[in-house]
>>> print(open('entry-v6.cif').read())   # mmCIF, C-alpha atoms and all ligand atoms
data_upload
#
loop_
_atom_site.label_atom_id
_atom_site.label_comp_id
_atom_site.auth_asym_id
_atom_site.auth_seq_id
_atom_site.Cartn_x
_atom_site.Cartn_y
_atom_site.Cartn_z
CA MET A 29 -25.39 80.56 10.11
CA GLN A 30 -27.89 77.74 10.11
CA SER A 31 -27.95 77.52 6.32
CA LYS A 32 -24.16 77.75 6.03
CA ILE A 33 -23.75 74.82 8.40
CA GLU A 34 -26.35 72.84 6.49
CA SER A 35 -24.86 73.42 3.09
CA LEU A 36 -21.31 72.62 4.25
CA ARG A 37 -22.58 69.42 5.91
CA ASN A 38 -24.25 68.44 2.63
CA GLU A 39 -21.12 69.18 0.68
CA ILE A 40 -18.96 67.14 3.04
CA GLN A 41 -21.29 64.12 3.07
CA ASN A 42 -21.07 63.93 -0.71
CA LEU A 43 -17.29 64.12 -1.04
CA HIS A 44 -15.51 61.57 -3.24
CA ALA A 45 -11.84 60.87 -3.92
CA GLN A 46 -10.01 58.60 -6.34
CA ASN A 47 -6.80 58.29 -4.40
CA ALA A 48 -4.84 59.36 -1.36
CA ASP A 49 -3.67 62.62 -2.99
CA GLU A 50 -7.20 63.73 -3.64
CA VAL A 51 -8.19 62.91 -0.05
CA GLU A 52 -5.33 65.05 1.21
CA LYS A 53 -6.52 67.98 -0.91
CA LEU A 54 -10.00 67.62 0.56
CA ARG A 55 -8.59 67.46 4.06
CA ILE A 56 -6.76 70.73 3.51
CA ARG A 57 -9.82 72.38 1.93
CA TYR A 58 -12.16 71.47 4.81
CA LEU A 59 -10.15 70.73 7.92
CA SER A 60 -6.93 72.74 7.86
CA LYS A 61 -6.48 75.88 9.95
CA LYS A 62 -7.71 78.06 7.11
CA GLY A 63 -10.16 75.44 5.89
CA LEU A 64 -13.91 75.90 5.38
CA VAL A 65 -14.92 74.39 8.72
CA ASN A 66 -12.55 76.58 10.69
CA SER A 67 -13.69 79.68 8.83
CA LEU A 68 -17.22 78.97 10.10
CA PHE A 69 -15.76 78.86 13.60
CA THR A 70 -14.22 82.28 13.01
CA GLU A 71 -17.60 83.64 11.95
CA PHE A 72 -19.11 81.91 14.97
CA LYS A 73 -16.80 83.77 17.34
CA ALA A 74 -18.17 87.09 16.11
CA LEU A 75 -21.78 86.11 16.82
CA PRO A 76 -23.77 87.60 19.70
CA GLY A 77 -23.93 85.41 22.87
CA GLU A 78 -27.39 84.01 22.23
CA GLU A 79 -26.57 82.89 18.72
CA LYS A 80 -23.39 81.32 20.00
CA ARG A 81 -25.37 79.10 22.32
CA LYS A 82 -27.57 78.06 19.43
CA PHE A 83 -24.85 77.15 16.92
CA GLY A 84 -21.99 75.92 19.13
CA GLN A 85 -23.14 72.34 19.27
CA PRO A 86 -24.17 71.95 15.57
CA LEU A 87 -20.87 73.49 14.51
CA ASN A 88 -18.88 71.02 16.65
CA SER A 89 -20.76 68.10 15.27
CA LEU A 90 -20.14 69.39 11.73
CA LYS A 91 -16.44 69.39 12.48
CA ASN A 92 -16.61 65.83 13.81
CA GLU A 93 -18.59 64.67 10.80
CA ALA A 94 -16.04 66.27 8.50
CA LYS A 95 -13.19 64.49 10.32
CA ALA A 96 -15.02 61.17 10.12
CA LYS A 97 -15.72 61.61 6.41
CA ILE A 98 -12.10 62.43 5.58
CA ALA A 99 -10.92 59.49 7.69
CA ALA A 100 -13.31 57.22 5.79
CA LEU A 101 -12.02 58.50 2.45
CA GLN A 102 -8.42 57.98 3.62
CA ASN A 103 -9.25 54.46 4.59
CA GLU A 104 -10.83 53.74 1.19
CA ALA A 105 -7.83 55.09 -0.70
CA GLY A 106 -5.49 52.99 1.47
CA GLN A 107 -7.50 49.85 0.73
CA ALA A 108 -7.38 50.53 -2.98
CA GLN A 109 -3.63 50.90 -2.79
CA LYS A 110 -3.33 47.62 -0.94
CA SER A 111 -5.47 45.62 -3.31
CA PHE A 112 -3.42 46.99 -6.20
CA SER A 113 -0.18 45.68 -4.72
CA GLU A 114 -1.85 42.33 -4.12
CA GLY A 115 -2.62 42.11 -7.81
CA ASP A 116 -5.36 44.08 -9.49
CA LEU A 117 -6.91 41.71 -11.95
CA SER A 118 -8.10 44.52 -14.16
CA ARG A 119 -4.69 46.03 -14.71
CA PRO A 120 -2.94 45.64 -18.09
CA VAL A 121 -0.92 42.45 -18.52
CA ARG A 122 2.71 42.45 -17.53
CA PHE A 123 5.09 41.98 -20.47
CA GLU A 124 7.10 38.88 -19.64
CA GLY A 125 9.43 39.04 -22.63
CA LEU A 126 9.60 36.86 -25.73
CA GLY A 127 10.72 33.26 -25.62
CA ALA A 128 13.69 32.12 -27.66
CA GLU A 129 13.65 29.86 -30.66
CA HIS A 130 15.06 26.42 -29.89
CA PRO A 131 18.70 26.02 -31.04
CA VAL A 132 17.76 22.93 -33.08
CA ASN A 133 15.10 24.96 -34.89
CA LEU A 134 17.46 27.86 -35.46
CA VAL A 135 19.98 25.60 -37.18
CA LYS A 136 17.34 23.58 -39.01
CA ASN A 137 15.69 26.68 -40.45
CA GLU A 138 19.01 28.16 -41.50
CA ILE A 139 19.95 24.97 -43.37
CA ILE A 140 16.50 24.75 -45.00
CA GLY A 141 16.90 28.39 -46.07
CA ILE A 142 20.24 27.68 -47.76
CA PHE A 143 18.85 24.80 -49.82
CA ASN A 144 15.60 26.59 -50.61
CA ARG A 145 17.65 29.39 -52.14
CA ILE A 146 19.20 26.99 -54.65
CA GLY A 147 15.93 25.45 -55.72
CA PHE A 148 15.31 22.61 -53.26
CA ASN A 149 11.73 22.41 -52.05
CA THR A 150 10.84 21.02 -48.62
CA SER A 151 8.99 17.73 -48.12
CA GLU A 152 7.72 16.03 -45.00
CA GLY A 153 6.46 12.57 -44.11
CA PRO A 154 5.23 10.43 -41.21
CA GLU A 155 7.37 9.59 -38.17
CA VAL A 156 5.89 6.09 -37.93
CA GLU A 157 6.97 4.40 -41.12
CA ASP A 158 6.56 1.01 -42.78
CA ASP A 159 9.39 -1.30 -43.71
CA TRP A 160 9.16 -0.46 -47.42
CA HIS A 161 9.74 3.27 -47.06
CA ASN A 162 12.33 3.11 -44.32
CA PHE A 163 14.32 0.09 -45.56
CA THR A 164 13.29 -2.05 -48.48
CA ALA A 165 12.78 0.65 -51.12
CA LEU A 166 16.15 2.03 -50.06
CA ASN A 167 17.90 -1.17 -50.98
CA PHE A 168 18.25 -2.64 -47.51
CA PRO A 169 17.86 -6.36 -48.33
CA GLU A 170 15.79 -8.29 -45.80
CA GLU A 171 17.86 -9.78 -42.99
CA HIS A 172 20.84 -7.84 -44.27
CA PRO A 173 23.28 -6.68 -41.60
CA ALA A 174 23.05 -3.15 -43.02
CA ARG A 175 19.79 -2.82 -41.10
CA ASP A 176 21.85 -3.08 -37.94
CA MET A 177 23.50 0.23 -38.80
CA GLN A 178 20.30 1.83 -37.67
CA ASP A 179 19.02 0.47 -34.39
CA THR A 180 15.31 0.52 -34.91
CA PHE A 181 12.40 1.14 -32.56
CA PHE A 182 9.62 -1.15 -33.76
CA VAL A 183 6.00 -0.33 -33.08
CA ALA A 184 4.10 -2.89 -30.98
CA LYS A 185 6.43 -5.76 -31.90
CA ASP A 186 5.30 -5.53 -35.52
CA PRO A 187 8.39 -5.76 -37.73
CA ASP A 188 6.58 -3.93 -40.52
CA TRP A 189 6.08 -0.69 -38.60
CA ALA A 190 8.77 1.33 -36.94
CA LEU A 191 9.73 4.84 -35.95
CA ARG A 192 11.64 6.08 -38.97
CA THR A 193 15.38 5.82 -38.53
CA HIS A 194 16.11 8.48 -41.14
CA THR A 195 14.16 10.89 -43.35
CA SER A 196 15.32 9.02 -46.45
CA SER A 197 11.86 7.46 -46.05
CA VAL A 198 10.36 10.81 -47.06
CA GLN A 199 12.48 10.82 -50.19
CA VAL A 200 10.99 7.46 -51.17
CA ARG A 201 7.54 9.01 -50.79
CA VAL A 202 8.57 11.94 -52.99
CA MET A 203 9.91 9.58 -55.69
CA GLU A 204 6.62 7.66 -55.58
CA ASN A 205 4.58 10.74 -56.21
CA GLU A 206 6.70 12.96 -58.42
CA LYS A 207 8.53 12.65 -61.68
CA PRO A 208 12.11 13.90 -62.10
CA PRO A 209 13.51 16.47 -62.00
CA ILE A 210 13.26 16.17 -58.22
CA ARG A 211 15.07 18.57 -55.97
CA THR A 212 13.90 18.30 -52.37
CA ILE A 213 15.03 18.36 -48.76
CA SER A 214 13.29 16.43 -46.00
CA PRO A 215 13.71 17.83 -42.50
CA GLY A 216 12.31 15.90 -39.57
CA ARG A 217 12.71 13.93 -36.40
CA VAL A 218 14.19 10.43 -36.51
CA PHE A 219 14.57 7.72 -33.89
CA ARG A 220 17.27 5.19 -33.10
CA ASN A 221 17.48 2.70 -30.32
CA GLU A 222 20.85 3.92 -29.15
CA ALA A 223 22.39 4.42 -25.74
CA ILE A 224 22.00 8.06 -24.75
CA SER A 225 25.28 9.86 -24.16
CA ALA A 226 26.77 13.33 -24.47
CA ARG A 227 27.17 12.75 -28.21
CA SER A 228 24.13 10.71 -29.21
CA HIS A 229 20.46 10.53 -28.36
CA CYS A 230 17.65 8.12 -29.20
CA PHE A 231 15.93 10.81 -31.23
CA PHE A 232 17.36 13.65 -33.26
CA HIS A 233 16.69 15.65 -36.43
CA GLN A 234 17.89 15.20 -39.95
CA ILE A 235 17.72 17.17 -43.14
CA GLU A 236 18.12 14.82 -46.05
CA GLY A 237 18.45 16.07 -49.60
CA LEU A 238 17.64 14.41 -52.91
CA TYR A 239 18.36 15.60 -56.44
CA ILE A 240 17.35 13.51 -59.44
CA ASP A 241 17.61 14.64 -63.03
CA LYS A 242 19.33 13.76 -66.28
CA LYS A 243 23.13 13.72 -66.02
CA VAL A 244 23.44 14.50 -62.32
CA SER A 245 27.02 13.71 -61.39
CA PHE A 246 29.20 13.38 -58.33
CA ALA A 247 30.67 16.79 -59.20
CA ASP A 248 27.19 18.30 -58.75
CA LEU A 249 26.96 16.66 -55.34
CA LYS A 250 30.32 17.98 -54.28
CA GLN A 251 29.61 21.49 -55.50
CA THR A 252 26.21 21.59 -53.78
CA LEU A 253 27.73 20.45 -50.50
CA LEU A 254 30.58 22.93 -50.77
CA PHE A 255 28.06 25.70 -51.35
CA PHE A 256 26.11 24.60 -48.28
CA ALA A 257 29.25 24.39 -46.11
CA GLN A 258 30.46 27.83 -47.15
CA GLU A 259 27.04 29.42 -46.67
CA PHE A 260 26.66 27.87 -43.24
CA PHE A 261 30.18 27.81 -41.79
CA GLY A 262 31.70 30.76 -43.69
CA PRO A 263 33.06 31.51 -47.18
CA LYS A 264 36.54 30.11 -46.52
CA THR A 265 35.30 26.74 -45.25
CA LYS A 266 37.09 23.72 -46.66
CA ILE A 267 35.41 20.35 -47.04
CA ARG A 268 36.65 16.83 -47.66
CA LEU A 269 34.80 13.69 -48.72
CA ARG A 270 35.76 10.31 -47.28
CA PRO A 271 34.57 7.03 -48.83
CA SER A 272 31.81 5.40 -46.83
CA TYR A 273 28.95 2.94 -47.18
CA PHE A 274 25.16 3.31 -47.30
CA PRO A 275 22.89 0.71 -48.91
CA PHE A 276 21.04 3.35 -50.94
CA THR A 277 23.99 5.22 -52.43
CA GLU A 278 26.88 4.14 -54.60
CA PRO A 279 29.48 5.51 -54.33
CA SER A 280 28.93 6.79 -50.79
CA ALA A 281 30.88 9.32 -48.79
CA GLU A 282 30.98 11.23 -45.56
CA MET A 283 31.71 14.93 -45.59
CA ASP A 284 33.91 16.70 -43.06
CA VAL A 285 34.42 20.43 -42.71
CA TYR A 286 37.70 21.87 -41.52
CA TRP A 287 37.14 23.24 -38.05
CA GLY A 288 40.73 23.95 -37.07
CA LEU A 289 42.89 23.02 -34.13
CA GLU A 290 43.29 26.26 -32.30
CA ASN A 291 42.43 25.26 -28.78
CA GLU A 292 41.94 22.24 -26.62
CA ARG A 293 38.22 22.21 -27.27
CA ASP A 294 38.87 21.93 -31.03
CA TYR A 295 41.03 18.88 -30.36
CA ARG A 296 38.24 17.27 -28.39
CA MET A 297 35.51 18.08 -30.91
CA THR A 298 37.48 16.91 -33.91
CA LYS A 299 39.20 14.04 -32.13
CA GLY A 300 42.51 15.71 -32.82
CA THR A 301 42.15 15.85 -36.60
CA GLY A 302 40.78 19.37 -37.07
CA TRP A 303 38.04 17.89 -39.27
CA LEU A 304 34.43 17.66 -38.23
CA GLU A 305 32.10 15.05 -39.69
CA VAL A 306 28.83 16.70 -40.69
CA LEU A 307 26.95 14.51 -43.15
CA GLY A 308 26.63 11.33 -45.20
CA CYS A 309 26.03 11.42 -48.94
CA GLY A 310 26.38 9.64 -52.24
CA MET A 311 24.98 8.94 -55.72
CA VAL A 312 21.54 7.34 -55.50
CA ASP A 313 21.95 3.60 -56.12
CA PRO A 314 20.33 2.57 -59.44
CA ALA A 315 18.45 -0.12 -57.52
CA VAL A 316 16.72 2.57 -55.46
CA LEU A 317 15.70 4.44 -58.61
CA LYS A 318 14.31 1.21 -60.06
CA ASN A 319 12.37 0.47 -56.86
CA ASN A 320 10.65 3.80 -57.40
CA ASN A 321 9.98 3.39 -61.12
CA ILE A 322 12.63 5.84 -62.21
CA ASP A 323 14.72 4.62 -65.13
CA PRO A 324 18.38 4.60 -64.06
CA GLU A 325 19.44 4.62 -67.71
CA GLU A 326 17.81 8.01 -68.13
CA TYR A 327 18.20 9.57 -64.72
CA SER A 328 20.79 9.78 -62.00
CA GLY A 329 20.80 11.56 -58.69
CA PHE A 330 22.56 12.36 -55.47
CA ALA A 331 21.41 12.29 -51.85
CA PHE A 332 22.78 13.53 -48.57
CA GLY A 333 21.73 13.47 -44.93
CA ILE A 334 22.66 16.11 -42.38
CA GLY A 335 22.40 15.61 -38.60
CA VAL A 336 20.96 18.84 -37.25
CA GLU A 337 21.89 18.40 -33.57
CA ARG A 338 25.51 17.72 -34.34
CA ILE A 339 25.73 20.99 -36.23
CA ALA A 340 23.83 22.85 -33.50
CA LEU A 341 26.29 21.56 -30.89
CA HIS A 342 29.18 22.93 -32.91
CA ARG A 343 27.55 26.19 -33.83
CA PHE A 344 26.64 27.07 -30.23
CA GLN A 345 29.51 25.20 -28.53
CA ILE A 346 27.10 23.08 -26.51
CA PRO A 347 29.00 20.34 -24.68
CA ASP A 348 26.20 17.76 -24.31
CA ILE A 349 23.41 16.79 -26.73
CA ARG A 350 21.09 16.04 -23.80
CA MET A 351 20.91 19.75 -22.99
CA LEU A 352 18.97 20.21 -26.22
CA PHE A 353 16.09 18.05 -24.98
CA GLU A 354 15.81 18.91 -21.30
CA ASN A 355 13.80 22.08 -21.92
CA ASP A 356 15.55 23.88 -19.11
CA ALA A 357 14.45 27.50 -19.45
CA ARG A 358 17.83 28.74 -18.21
CA PHE A 359 19.48 27.02 -21.16
CA LEU A 360 16.86 27.91 -23.77
CA LYS A 361 16.74 31.59 -22.78
CA GLN A 362 20.32 32.00 -23.93
CA PHE A 363 19.22 31.75 -27.54
CA THR A 364 17.07 34.88 -27.54
CA ALA A 365 19.90 36.86 -29.10
CA ALA A 366 20.30 34.31 -31.88
CA LEU A 367 16.88 35.17 -33.33
N1 LIG A 401 20.18 8.24 -44.32
C1 LIG A 401 21.55 8.28 -43.88
C2 LIG A 401 21.59 8.20 -42.38
O1 LIG A 401 20.61 8.40 -41.75
C3 LIG A 401 22.26 9.52 -44.33
C4 LIG A 401 22.40 9.57 -45.82
C5 LIG A 401 21.43 10.15 -46.57
C6 LIG A 401 23.52 9.07 -46.45
C7 LIG A 401 21.55 10.22 -47.95
C8 LIG A 401 23.66 9.14 -47.78
C9 LIG A 401 22.69 9.71 -48.56
O2 LIG A 401 22.60 7.92 -41.80
#
>>> encode(input="entry-v6.cif", output="structure tokens")
Amino acid sequence: MQSKIESLRNEIQNLHAQNADEVEKLRIRYLSKKGLVNSLFTEFKALPGEEKRKFGQPLNSLKNEAKAKIAALQNEAGQAQKSFSEGDLSRPVRFEGLGAEHPVNLVKNEIIGIFNRIGFNTSEGPEVEDDWHNFTALNFPEEHPARDMQDTFFVAKDPDWALRTHTSSVQVRVMENEKPPIRTISPGRVFRNEAISARSHCFFHQIEGLYIDKKVSFADLKQTLLFFAQEFFGPKTKIRLRPSYFPFTEPSAEMDVYWGLENERDYRMTKGTGWLEVLGCGMVDPAVLKNNNIDPEEYSGFAFGIGVERIALHRFQIPDIRMLFENDARFLKQFTAAL
């Protein structure tokens, strides 16, 4: 009896459990009615009187020790459970879900993709630009009212440096560095000192295109823009070109796509005409070619400039341009499906 009590005590002192289930199994094995401790009591009952006196007390203390041990293990398992619900730093990370691409980026990348497919490469330039690249090389005469078309943010009161008002400045940089044929688009952020409203912001994104080669004609321009419009808005899209004015193109035009007049919203977006203005364009003015050492007798070209936000507003039916720049997660999350 002595040795049985000893070995069971040893066994019980060394018990371990990983969780509450395991503790429960141990409790049943040692402390239940048919458990190991009770079976010693059964043996004990069959002992002669003298032996009983000898082992009664040790057997009771074994039972108490066993109860204490199981209680301790239960306590440990409970603690572990609690600290898990409070955040176990070693657990695997929780998957929070992917973010969404910004609607301006979605539209910008789609437009870039369309022009890349027909041989336009992509060029980029600085957002802080000097007067030559933003204005003078593009045939904006000094003090000419045409500069007022683009309300400029100057840098530190220095009239020679400004935030670029269009990415035509990048096209000047391309013409400086490359020889025709040139076929490039320049996506990027531009800045204008304009009152912020639902329709315009003081910064936005453009994708401007430039194509210079021998015998480039207005028909090429029109066909390229029609291709773009039908790729982007759908194969049945109609376009129209309206005469316009830009200092760097001659002739100049603005392109509208036919949006339709099916509901009240269409009336509002198209100001009741059904047509939506999407870009400015024209044949590169010979003076601009000359400014960039390209011989206008040999080469001609076309250029166009697309406002990315305006197209994003239409594509996603967003009522206010300011929503694009507030970075409200509830708004941005809605574009996950557009990826
Ligand atoms: N740069 C013009 C603008 O920002 C757009 C444009 C580009 C027009 C090229 C004609 C040709 O408004």
>>> atom_distance(input="entry-v6.cif", atom1="CA of Pro154 in chain A", atom2="CA of Glu222 in chain A")
20.8 Å
>>> residues_near_ligand(input="entry-v6.cif", ligand="ligand LIG 401 (chain A)", cutoff="6 Å", atoms="all atoms listed in the file", output="MDAnalysis selection string")
chainID A and resid 194 196 236 308:310 331:333
>>> atom_distance(input="entry-v6.cif", atom1="CA of Glu326 in chain A", atom2="CA of Gly153 in chain A")
27.0 Å
>>> atom_distance(input="entry-v6.cif", atom1="CA of Leu64 in chain A", atom2="CA of Gly106 in chain A")
24.7 Å
>>> closest_residue(input="entry-v6.cif", among="A:Val306, A:Leu352, A:Leu126, A:Leu317", to="Phe276 in chain A", atoms="all atoms listed in the file")
A:Leu317
>>> closest_residue(input="entry-v6.cif", among="A:Leu307, A:Ala94, A:Val51, A:Leu68", to="Ser31 in chain A", atoms="all atoms listed in the file")
A:Leu68
>>> residues_near_point(input="entry-v6.cif", point="(13.6, 6.1, -46.1)", cutoff="8 Å", atoms="all atoms listed in the file", output="MDAnalysis selection string")
chainID A and resid 161:163 165:166 192:200
>>> closest_residue(input="entry-v6.cif", among="A:Pro169, A:Gly302, A:Pro271, A:Pro187", to="Ala315 in chain A", atoms="all atoms listed in the file")
A:Pro169
>>> closest_residue(input="entry-v6.cif", among="A:Asp241, A:Glu71, A:Glu93, A:Glu152", to="Ser214 in chain A", atoms="only C-alpha atoms")
A:Glu152
